[in-house]
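Encoded as structure tokens, the structure appears first; notes follow it.
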Number of protein chains: 2
Amino acid sequence: MKCRKCGGKASVNMRQHKLALCKDHYLEWIPEQTERFIEKYGMFTRGEKILVAVSGGKDSLALWDILNRLGYQADGLYLGLGIDGGIDYSHESQRLTEKFANEKNLKLHVVDIEKEYGQSIPVLAEISHRGKGKPCSVCGLAKRHEMNRIARDLGYAVLATGHNLDDEAAVLFGNTLNWSSEYLLRQGPVLPESDGLARKVKPLCRFYEREMTAYCLSRGIEYIYEECPFAVGSKSIRYKELLNQLETTRPGAKLTFYTRFLQARKRGDLFIEQDIEKVNLQPCTNCRQPTSAPGLCSFCRMIEKANPETANVTS
Amino acid sequence: MKCRKCGGKASVNMRQHKLALCKDHYLEWIPEQTERFIEKYGMFTRGEKILVAVSGGKDSLALWDILNRLGYQADGLYLGLGIDGGIDYSHESQRLTEKFANEKNLKLHVVDIEKEYGQSIPVLAEISHRGKGKPCSVCGLAKRHEMNRIARDLGYAVLATGHNLDDEAAVLFGNTLNWSSEYLLRQGPVLPESDGLARKVKPLCRFYEREMTAYCLSRGIEYIYEECPFAVGSKSIRYKELLNQLETTRPGAKLTFYTRFLQARKRGDLFIEQDIEKVNLQPCTNCRQPTSAPGLCSFCRMIEKANPETANVTS
């Protein structure tokens, strides 16, 4: 197979686009496309300060790499979750993230959940009895809280995450199975700033997971290969497998599913768009982040429960 | 496993309802549930004349059986499509349909497409070059046209089809992959009467395919086991397989997907409901059925093309 741009030997073939590219043109094409998506969905400008949530995985490192190559002001945030899973998962992902930041001379903020709040994510999950024996919901809660906190405290206008098309299509599929308007109508490449929380964006939302793998390999970015040990057997992985089966018989099926959803919302003939956010939010009495119930937010309640000896929640 | 009603040996276990029943109680439960769905979705009353589209397969024969047991005025319509597929498909399904009608002393209308319009469905598909080498779209067009025609000419208020939950969930899944408002907002257990076309209803839309198999086996209804030979490898069969994978890991997933869609439409907080039907329909100059373009409807155009020697389309 030949590169469409130069006729040289292709190294990546994207069946959904009927497009094959050699390594060099692939490494040009990915940032060009990212720029196109940033503009198309109005994600951010070069004047805005961006905080990239970096996990040490291929997607977030690729995103950070691409944004900096495109000339955006993008710093990194690594959250130490304290997950071991027999593979020293958190330490290894932190090591790779720091190595990447040092090599590129990029600014990285590191927050260690255990140091900051007394307990690691798996322990917080155990103490709080949230999430049916898995720490995933506690982890999501903590990540959202900490990303919002750091963005606010350090003055970032935008929070960027490395969600790729496979992630987004799997979430959309799960939300579609339940037809929840609340979740369906919140999903998209941009979640606007609201109640003092930074805008959230997903610049990689139209790239397949395998495209990000190919980007990291071609660019020589070293990332953690393992999935989070707690993700094994999760719904989202099952949904990804189903969507990949569809994709095998119909290249582009995953992408179509996601982009037609966005088109339908834009077209305005299918969904009722409503301002779902504005349901009586008030600041948490401890951290000041918006919360629906009076008093402490879910995160601060969890931290208080996990540290009964401390009178007030920290940070 | 024991029958929940009598404690006897269960013969059917419905994991999605956490309900196991013996043969006798299963044969009571299915019509009771059908009655519940007929009422819940306002499908029809005992005063209305119902035409059941019967194919000789398990679903439509079960439907016809159930409606008559429940005391509804339900006659049958069998359409001879002229499909052989190496298994004498159409003849065998007609034989089984007529056998059922005779045994139960039910009124059955038979329309043979080739006798009525000069050509069988596979030949019509070939001549008209519709449907990418498969007669399925022509078959659907002809079935809709003939069911509407017979219902109108013979004064039936309601057309009932045997679509089960697996069928409906697969169609919904396909429509969701494309996010087409036109198709998504037309799907449901009842399509109201419109432009002189009879109301269309699907009383079995909440039963799993395997429940209909179990009903026919328990009731001793002889049906054609084979799928239509042309259905092999179709999208809808692929979607059914995917949904069955979901169902295996989460019993009830298929049912939830479909019923939550209906609930979301009823709730009114997700979809814009609009009167999609009313887009400049006018009567076909030959058959008088509503059509969007002036002149002949798609069906009559196809018949005219297939019979060039005849000046006017027949029937």
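Residues in the structure tokens are numbered from 1 in each chain, the chains being A, B, ... in the order shown, and ligands are numbered from 1 in the order shown.
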Using only C-alpha atoms, which protein or nucleic acid residues come within 12 Å of Ala157 of chain A? Drop anything in the same chain fewer than 5 positions from it, and give the result as a compact mmCIF listing (two decimals) with N, CA and C atoms, in the first residue's frame.
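Output saved as around_22.txt:
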```txt
# COMPACT_ATOMS: atom_id res chain seq x y z
N MET A 43 -12.83 24.83 20.26
CA MET A 43 -12.35 24.35 21.56
C MET A 43 -11.59 25.40 22.34
N PHE A 44 -10.60 26.04 21.70
CA PHE A 44 -9.79 27.06 22.37
C PHE A 44 -8.96 27.80 21.35
N THR A 45 -8.32 28.88 21.81
CA THR A 45 -7.46 29.68 20.92
C THR A 45 -6.03 29.63 21.47
N ARG A 46 -5.10 30.16 20.69
CA ARG A 46 -3.70 30.17 21.12
C ARG A 46 -3.46 31.15 22.28
N GLY A 47 -4.43 32.02 22.54
CA GLY A 47 -4.30 32.95 23.66
C GLY A 47 -4.71 32.34 25.00
N GLU A 48 -5.32 31.18 24.98
CA GLU A 48 -5.84 30.60 26.24
C GLU A 48 -4.86 29.60 26.85
N LYS A 49 -4.84 29.58 28.17
CA LYS A 49 -3.99 28.61 28.88
C LYS A 49 -4.73 27.29 29.03
N ILE A 50 -4.08 26.21 28.59
CA ILE A 50 -4.72 24.90 28.57
C ILE A 50 -4.03 23.97 29.55
N LEU A 51 -4.85 23.22 30.30
CA LEU A 51 -4.31 22.21 31.20
C LEU A 51 -4.66 20.84 30.62
N VAL A 52 -3.65 20.04 30.28
CA VAL A 52 -3.89 18.72 29.71
C VAL A 52 -3.81 17.67 30.82
N GLN A 73 -0.51 26.88 24.34
CA GLN A 73 0.06 26.96 25.69
C GLN A 73 -0.52 25.84 26.54
N ALA A 74 0.08 24.66 26.47
CA ALA A 74 -0.52 23.52 27.16
C ALA A 74 0.42 22.95 28.20
N ASP A 75 0.01 23.05 29.47
CA ASP A 75 0.77 22.42 30.55
C ASP A 75 0.09 21.09 30.91
N MET A 147 -9.00 17.96 38.75
CA MET A 147 -8.76 18.71 37.52
C MET A 147 -9.42 20.08 37.61
N ASN A 148 -10.65 20.12 38.10
CA ASN A 148 -11.34 21.40 38.25
C ASN A 148 -10.62 22.31 39.24
N ARG A 149 -10.16 21.71 40.32
CA ARG A 149 -9.49 22.50 41.37
C ARG A 149 -8.20 23.14 40.83
N ILE A 150 -7.38 22.31 40.18
CA ILE A 150 -6.09 22.83 39.71
C ILE A 150 -6.31 23.87 38.61
N ALA A 151 -7.24 23.61 37.72
CA ALA A 151 -7.52 24.57 36.65
C ALA A 151 -7.95 25.91 37.24
N ARG A 152 -8.82 25.86 38.25
CA ARG A 152 -9.29 27.11 38.88
C ARG A 152 -8.16 27.80 39.64
N PRO A 192 -19.01 23.52 27.87
CA PRO A 192 -18.65 24.92 28.12
C PRO A 192 -18.37 25.19 29.59
N GLU A 193 -17.63 26.25 29.84
CA GLU A 193 -17.39 26.76 31.19
C GLU A 193 -18.74 26.94 31.87
N SER A 194 -18.83 26.58 33.13
CA SER A 194 -20.10 26.72 33.83
C SER A 194 -19.86 26.77 35.33
N GLY A 196 -18.09 28.56 37.15
CA GLY A 196 -16.69 28.70 37.59
C GLY A 196 -15.81 27.50 37.27
N LEU A 197 -16.39 26.44 36.68
CA LEU A 197 -15.56 25.29 36.27
C LEU A 197 -15.03 25.54 34.86
N ALA A 198 -13.76 25.19 34.65
CA ALA A 198 -13.14 25.43 33.35
C ALA A 198 -13.86 24.66 32.24
N ARG A 199 -13.84 25.20 31.02
CA ARG A 199 -14.33 24.51 29.84
C ARG A 199 -13.57 23.18 29.68
N LYS A 200 -14.28 22.15 29.25
CA LYS A 200 -13.63 20.85 29.05
C LYS A 200 -13.68 20.49 27.57
N VAL A 201 -12.56 20.04 27.04
CA VAL A 201 -12.51 19.74 25.60
C VAL A 201 -11.81 18.40 25.34
```
Mind fitting chain A to chain B by least squares on all Cα atoms in order and giving back the moved coordinates as a short mmCIF file (atom, residue, chain, number, x, y, z; two decimals) with C-alpha atoms, in the first residue's frame?
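Output file out-v6.cif follows:
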```cif
data_model
loop_
_atom_site.label_atom_id
_atom_site.label_comp_id
_atom_site.auth_asym_id
_atom_site.auth_seq_id
_atom_site.Cartn_x
_atom_site.Cartn_y
_atom_site.Cartn_z
CA MET A 1 -35.94 -24.56 38.28
CA LYS A 2 -39.52 -24.24 39.49
CA CYS A 3 -42.58 -22.48 38.06
CA ARG A 4 -43.22 -19.29 40.03
CA LYS A 5 -46.98 -19.81 39.84
CA CYS A 6 -47.44 -23.48 40.78
CA GLY A 7 -44.04 -24.73 41.94
CA GLY A 8 -44.07 -27.41 39.22
CA LYS A 9 -41.17 -28.05 36.86
CA ALA A 10 -40.42 -24.87 34.90
CA SER A 11 -40.14 -25.21 31.13
CA VAL A 12 -39.23 -21.60 30.27
CA ASN A 13 -36.85 -19.33 32.17
CA MET A 14 -36.89 -15.64 31.30
CA ARG A 15 -33.75 -14.21 32.83
CA GLN A 16 -34.67 -10.63 31.92
CA HIS A 17 -37.78 -10.92 34.09
CA LYS A 18 -36.26 -13.27 36.67
CA LEU A 19 -39.28 -15.43 35.90
CA ALA A 20 -39.55 -19.17 35.28
CA LEU A 21 -42.84 -20.83 34.32
CA CYS A 22 -44.14 -24.31 33.59
CA LYS A 23 -45.65 -25.00 30.17
CA ASP A 24 -49.26 -24.41 31.22
CA HIS A 25 -48.58 -21.17 33.04
CA TYR A 26 -46.35 -19.98 30.21
CA LEU A 27 -49.21 -20.53 27.77
CA GLU A 28 -51.40 -18.38 30.03
CA TRP A 29 -48.78 -15.73 30.68
CA ILE A 30 -47.99 -14.90 27.02
CA PRO A 31 -51.57 -13.91 26.06
CA GLU A 32 -51.99 -12.02 29.37
CA GLN A 33 -48.86 -10.02 28.64
CA THR A 34 -49.95 -9.43 25.05
CA GLU A 35 -53.26 -8.06 26.31
CA ARG A 36 -51.33 -5.80 28.66
CA PHE A 37 -49.22 -4.40 25.79
CA ILE A 38 -52.29 -3.95 23.55
CA GLU A 39 -53.88 -1.83 26.27
CA LYS A 40 -50.71 -0.04 27.37
CA TYR A 41 -49.95 1.23 23.88
CA GLY A 42 -53.61 1.67 22.86
CA MET A 43 -53.28 -0.68 19.88
CA PHE A 44 -56.91 -1.66 19.20
CA THR A 45 -60.20 -2.69 20.77
CA ARG A 46 -62.37 -5.79 20.41
CA GLY A 47 -64.72 -3.78 18.20
CA GLU A 48 -62.10 -3.23 15.49
CA LYS A 49 -61.33 -5.52 12.57
CA ILE A 50 -57.68 -6.57 12.56
CA LEU A 51 -55.64 -7.91 9.66
CA VAL A 52 -52.64 -9.98 10.78
CA ALA A 53 -49.75 -10.23 8.30
CA VAL A 54 -48.91 -13.94 8.49
CA SER A 55 -45.71 -15.31 6.99
CA GLY A 56 -45.78 -18.89 8.29
CA GLY A 57 -42.99 -18.06 10.75
CA LYS A 58 -43.25 -18.45 14.50
CA ASP A 59 -43.95 -14.80 15.36
CA SER A 60 -46.85 -14.12 13.04
CA LEU A 61 -48.53 -17.49 13.68
CA ALA A 62 -48.14 -16.99 17.44
CA LEU A 63 -49.62 -13.50 17.12
CA TRP A 64 -52.60 -14.73 15.15
CA ASP A 65 -53.13 -17.53 17.66
CA ILE A 66 -52.91 -15.19 20.66
CA LEU A 67 -55.23 -12.53 19.23
CA ASN A 68 -57.90 -15.09 18.49
CA ARG A 69 -57.57 -16.67 21.93
CA LEU A 70 -57.98 -13.20 23.43
CA GLY A 71 -61.23 -12.78 21.48
CA TYR A 72 -60.11 -10.20 18.92
CA GLN A 73 -61.51 -10.16 15.36
CA ALA A 74 -58.28 -11.05 13.60
CA ASP A 75 -58.10 -12.38 10.05
CA GLY A 76 -54.88 -13.36 8.30
CA LEU A 77 -53.13 -12.11 5.17
CA TYR A 78 -50.52 -14.26 3.47
CA LEU A 79 -48.45 -12.73 0.68
CA GLY A 80 -46.95 -15.21 -1.80
CA LEU A 81 -43.56 -13.72 -2.63
CA GLY A 82 -42.29 -16.47 -4.95
CA ILE A 83 -39.07 -17.15 -3.02
CA ASP A 84 -37.52 -20.56 -3.46
CA GLY A 85 -33.92 -20.32 -2.16
CA GLY A 86 -33.41 -24.08 -2.62
CA ILE A 87 -35.84 -24.83 0.21
CA ASP A 88 -39.15 -24.07 -1.51
CA TYR A 89 -39.45 -21.25 1.06
CA SER A 90 -42.64 -19.54 -0.12
CA HIS A 91 -44.61 -22.69 -0.87
CA GLU A 92 -43.70 -24.28 2.44
CA SER A 93 -44.56 -21.18 4.45
CA GLN A 94 -47.88 -20.87 2.59
CA ARG A 95 -48.68 -24.52 3.27
CA LEU A 96 -48.04 -24.08 7.02
CA THR A 97 -50.07 -20.86 7.14
CA GLU A 98 -53.04 -22.48 5.38
CA LYS A 99 -52.79 -25.55 7.60
CA PHE A 100 -52.90 -23.32 10.71
CA ALA A 101 -55.88 -21.33 9.38
CA ASN A 102 -57.82 -24.50 8.45
CA GLU A 103 -57.20 -26.20 11.78
CA LYS A 104 -58.38 -23.14 13.71
CA ASN A 105 -61.09 -22.28 11.22
CA LEU A 106 -59.70 -18.77 10.73
CA LYS A 107 -60.20 -16.51 7.73
CA LEU A 108 -57.08 -16.17 5.58
CA HIS A 109 -56.58 -13.90 2.56
CA VAL A 110 -53.88 -15.00 0.14
CA VAL A 111 -52.29 -12.68 -2.40
CA ASP A 112 -49.79 -14.13 -4.85
CA ILE A 113 -47.51 -11.33 -6.04
CA GLU A 114 -46.60 -13.07 -9.30
CA LYS A 115 -50.22 -13.82 -10.21
CA GLU A 116 -51.29 -10.31 -9.25
CA TYR A 117 -48.42 -8.33 -10.78
CA GLY A 118 -46.81 -10.63 -13.34
CA GLN A 119 -43.51 -11.29 -11.55
CA SER A 120 -42.24 -12.79 -8.31
CA ILE A 121 -40.33 -10.67 -5.79
CA PRO A 122 -36.85 -11.93 -6.81
CA VAL A 123 -37.64 -11.21 -10.48
CA LEU A 124 -39.08 -7.77 -9.68
CA ALA A 125 -35.88 -6.99 -7.76
CA GLU A 126 -33.75 -8.06 -10.70
CA ILE A 127 -35.71 -6.08 -13.27
CA SER A 128 -35.94 -2.94 -11.14
CA HIS A 129 -32.26 -2.97 -10.09
CA ARG A 130 -33.33 -1.98 -6.60
CA GLY A 131 -31.57 -3.13 -3.44
CA LYS A 132 -27.97 -3.94 -4.41
CA GLY A 133 -28.48 -7.51 -5.61
CA LYS A 134 -30.82 -8.46 -2.77
CA PRO A 135 -34.63 -8.48 -3.11
CA CYS A 136 -35.17 -7.32 0.49
CA SER A 137 -36.00 -3.68 -0.23
CA VAL A 138 -38.35 -4.64 -3.08
CA CYS A 139 -39.94 -7.22 -0.80
CA GLY A 140 -40.48 -4.61 1.92
CA LEU A 141 -41.98 -2.18 -0.58
CA ALA A 142 -44.34 -4.83 -1.97
CA LYS A 143 -45.39 -6.07 1.46
CA ARG A 144 -46.20 -2.57 2.70
CA HIS A 145 -48.13 -1.80 -0.47
CA GLU A 146 -50.14 -5.00 -0.43
CA MET A 147 -50.90 -4.93 3.28
CA ASN A 148 -52.16 -1.37 2.96
CA ARG A 149 -54.18 -2.23 -0.14
CA ILE A 150 -55.91 -5.26 1.36
CA ALA A 151 -56.62 -3.48 4.65
CA ARG A 152 -58.20 -0.57 2.77
CA ASP A 153 -60.15 -2.65 0.24
CA LEU A 154 -61.52 -5.07 2.82
CA GLY A 155 -62.18 -2.50 5.54
CA TYR A 156 -59.65 -3.48 8.23
CA ALA A 157 -58.93 -0.71 10.75
CA VAL A 158 -55.68 -2.20 11.96
CA LEU A 159 -52.71 -4.03 10.47
CA ALA A 160 -50.88 -6.22 12.99
CA THR A 161 -47.40 -7.63 12.38
CA GLY A 162 -45.45 -10.19 14.40
CA HIS A 163 -42.32 -8.09 15.05
CA ASN A 164 -40.76 -9.23 18.30
CA LEU A 165 -38.37 -7.45 20.66
CA ASP A 166 -35.31 -8.79 18.86
CA ASP A 167 -36.61 -7.34 15.60
CA GLU A 168 -37.48 -4.00 17.14
CA ALA A 169 -34.24 -3.68 19.09
CA ALA A 170 -32.23 -4.49 15.95
CA VAL A 171 -34.09 -1.85 13.93
CA LEU A 172 -33.65 0.66 16.73
CA PHE A 173 -29.96 -0.16 16.91
CA GLY A 174 -29.56 0.33 13.16
CA ASN A 175 -31.45 3.64 13.29
CA THR A 176 -29.36 4.75 16.24
CA LEU A 177 -26.14 4.06 14.37
CA ASN A 178 -27.31 6.62 11.82
CA TRP A 179 -29.16 8.99 14.15
CA SER A 180 -31.79 9.61 11.51
CA SER A 181 -34.64 11.56 13.07
CA GLU A 182 -37.00 10.41 10.33
CA TYR A 183 -36.53 6.74 11.15
CA LEU A 184 -35.99 7.05 14.91
CA LEU A 185 -39.14 9.09 15.47
CA ARG A 186 -41.32 6.74 13.40
CA GLN A 187 -40.40 3.64 15.38
CA GLY A 188 -42.80 2.36 18.01
CA PRO A 189 -45.46 -0.22 18.81
CA VAL A 190 -48.16 1.83 17.05
CA LEU A 191 -48.05 3.86 13.84
CA PRO A 192 -51.33 5.79 13.76
CA GLU A 193 -53.73 5.77 10.81
CA SER A 194 -52.62 8.40 8.33
CA ASP A 195 -53.75 9.49 4.87
CA GLY A 196 -56.17 6.61 4.60
CA LEU A 197 -53.58 3.95 5.53
CA ALA A 198 -54.62 1.60 8.31
CA ARG A 199 -53.04 1.91 11.77
CA LYS A 200 -50.06 -0.43 12.17
CA VAL A 201 -49.36 -2.23 15.43
CA LYS A 202 -46.82 -4.69 16.84
CA PRO A 203 -48.39 -6.51 19.79
CA LEU A 204 -45.35 -8.81 20.29
CA CYS A 205 -42.81 -5.98 20.42
CA ARG A 206 -41.82 -6.74 24.01
CA PHE A 207 -41.36 -10.50 23.69
CA TYR A 208 -37.95 -12.00 22.99
CA GLU A 209 -37.66 -14.12 19.87
CA ARG A 210 -36.94 -17.16 22.01
CA GLU A 211 -40.17 -16.56 23.92
CA MET A 212 -42.11 -16.83 20.67
CA THR A 213 -40.25 -20.03 19.77
CA ALA A 214 -41.15 -21.41 23.19
CA TYR A 215 -44.77 -20.33 22.71
CA CYS A 216 -45.10 -22.12 19.36
CA LEU A 217 -43.42 -25.27 20.64
CA SER A 218 -45.53 -25.33 23.81
CA ARG A 219 -48.73 -24.64 21.87
CA GLY A 220 -47.89 -27.18 19.16
CA ILE A 221 -47.93 -24.57 16.36
CA GLU A 222 -46.06 -25.85 13.32
CA TYR A 223 -44.09 -23.03 11.67
CA ILE A 224 -41.35 -22.64 9.09
CA TYR A 225 -37.99 -22.89 10.90
CA GLU A 226 -35.88 -21.43 8.14
CA GLU A 227 -35.23 -17.71 7.91
CA CYS A 228 -35.91 -16.24 4.49
CA PRO A 229 -32.90 -17.38 2.40
CA PHE A 230 -32.22 -13.76 1.44
CA ALA A 231 -31.95 -12.64 5.07
CA VAL A 232 -28.66 -14.50 5.57
CA GLY A 233 -25.86 -12.04 6.27
CA SER A 234 -28.23 -9.07 6.55
CA LYS A 235 -27.48 -6.08 8.74
CA SER A 236 -30.44 -6.82 10.96
CA ILE A 237 -29.14 -10.33 11.72
CA ARG A 238 -25.71 -8.88 12.55
CA TYR A 239 -27.30 -6.33 14.88
CA LYS A 240 -29.30 -9.09 16.56
CA GLU A 241 -26.11 -11.03 17.20
CA LEU A 242 -24.43 -7.99 18.77
CA LEU A 243 -27.44 -7.30 20.98
CA ASN A 244 -27.48 -10.96 22.02
CA GLN A 245 -23.87 -10.64 23.14
CA LEU A 246 -24.89 -7.70 25.32
CA GLU A 247 -27.82 -9.71 26.63
CA THR A 248 -25.56 -12.60 27.63
CA THR A 249 -23.52 -10.46 29.99
CA ARG A 250 -26.51 -8.38 31.11
CA PRO A 251 -29.88 -10.14 30.96
CA GLY A 252 -32.53 -7.61 29.99
CA ALA A 253 -30.17 -5.33 28.04
CA LYS A 254 -32.14 -5.70 24.79
CA LEU A 255 -35.46 -5.07 26.48
CA THR A 256 -34.11 -2.07 28.40
CA PHE A 257 -32.67 -0.58 25.23
CA TYR A 258 -36.07 -0.70 23.53
CA THR A 259 -38.37 0.17 26.43
CA ARG A 260 -36.21 3.05 27.67
CA PHE A 261 -36.32 4.46 24.15
CA LEU A 262 -40.12 4.40 24.27
CA GLN A 263 -40.05 5.88 27.78
CA ALA A 264 -37.73 8.67 26.68
CA ARG A 265 -40.12 9.57 23.86
CA LYS A 266 -43.04 9.57 26.26
CA ARG A 267 -41.13 11.56 28.89
CA GLY A 268 -40.57 14.27 26.29
CA ASP A 269 -37.21 15.50 27.56
CA LEU A 270 -34.97 14.01 24.87
CA PHE A 271 -36.58 13.93 21.43
CA ILE A 272 -38.36 16.54 19.38
CA GLU A 273 -41.58 14.87 18.28
CA GLN A 274 -42.81 16.20 14.98
CA ASP A 275 -45.40 15.25 12.47
CA ILE A 276 -43.04 13.60 10.01
CA GLU A 277 -45.76 11.96 7.90
CA LYS A 278 -47.34 15.17 6.65
CA VAL A 279 -44.89 16.08 3.94
CA ASN A 280 -46.97 16.79 0.85
CA LEU A 281 -48.37 13.34 0.29
CA GLN A 282 -50.73 12.84 -2.63
CA PRO A 283 -52.55 9.80 -3.98
CA CYS A 284 -50.76 7.58 -6.54
CA THR A 285 -52.48 8.05 -9.89
CA ASN A 286 -52.89 4.29 -10.20
CA CYS A 287 -53.45 2.71 -6.77
CA ARG A 288 -54.48 5.86 -4.82
CA GLN A 289 -52.12 5.06 -1.94
CA PRO A 290 -50.33 8.17 -0.62
CA THR A 291 -46.96 8.93 -2.22
CA SER A 292 -44.51 11.81 -1.97
CA ALA A 293 -43.83 12.37 -5.69
CA PRO A 294 -46.60 13.24 -8.19
CA GLY A 295 -47.76 10.42 -10.49
CA LEU A 296 -47.20 6.77 -9.69
CA CYS A 297 -45.99 5.53 -6.27
CA SER A 298 -42.73 3.56 -6.05
CA PHE A 299 -44.53 0.25 -6.11
CA CYS A 300 -46.65 1.03 -9.17
CA ARG A 301 -43.61 2.48 -10.97
CA MET A 302 -41.75 -0.76 -10.31
CA ILE A 303 -44.64 -2.88 -11.56
CA GLU A 304 -45.01 -0.77 -14.69
CA LYS A 305 -41.31 -1.17 -15.45
CA ALA A 306 -41.49 -4.93 -14.91
CA ASN A 307 -44.44 -5.34 -17.29
CA PRO A 308 -43.68 -3.05 -20.25
CA GLU A 309 -46.18 -4.81 -22.53
CA THR A 310 -49.10 -3.82 -20.28
CA ALA A 311 -50.25 -0.26 -20.91
CA ASN A 312 -51.60 0.28 -17.38
CA VAL A 313 -50.43 -1.31 -14.16
CA THR A 314 -52.90 -3.88 -12.95
CA SER A 315 -54.91 -4.17 -9.75
#
```
*Run DSSP on the backbone and grab whatever in segment 210-302 of chain A lands in helix (DSSP H, G or I); send it over as an MDAnalysis selection string.*
chainID A and resid 210:219 229:231 235:249 253:267 298:302
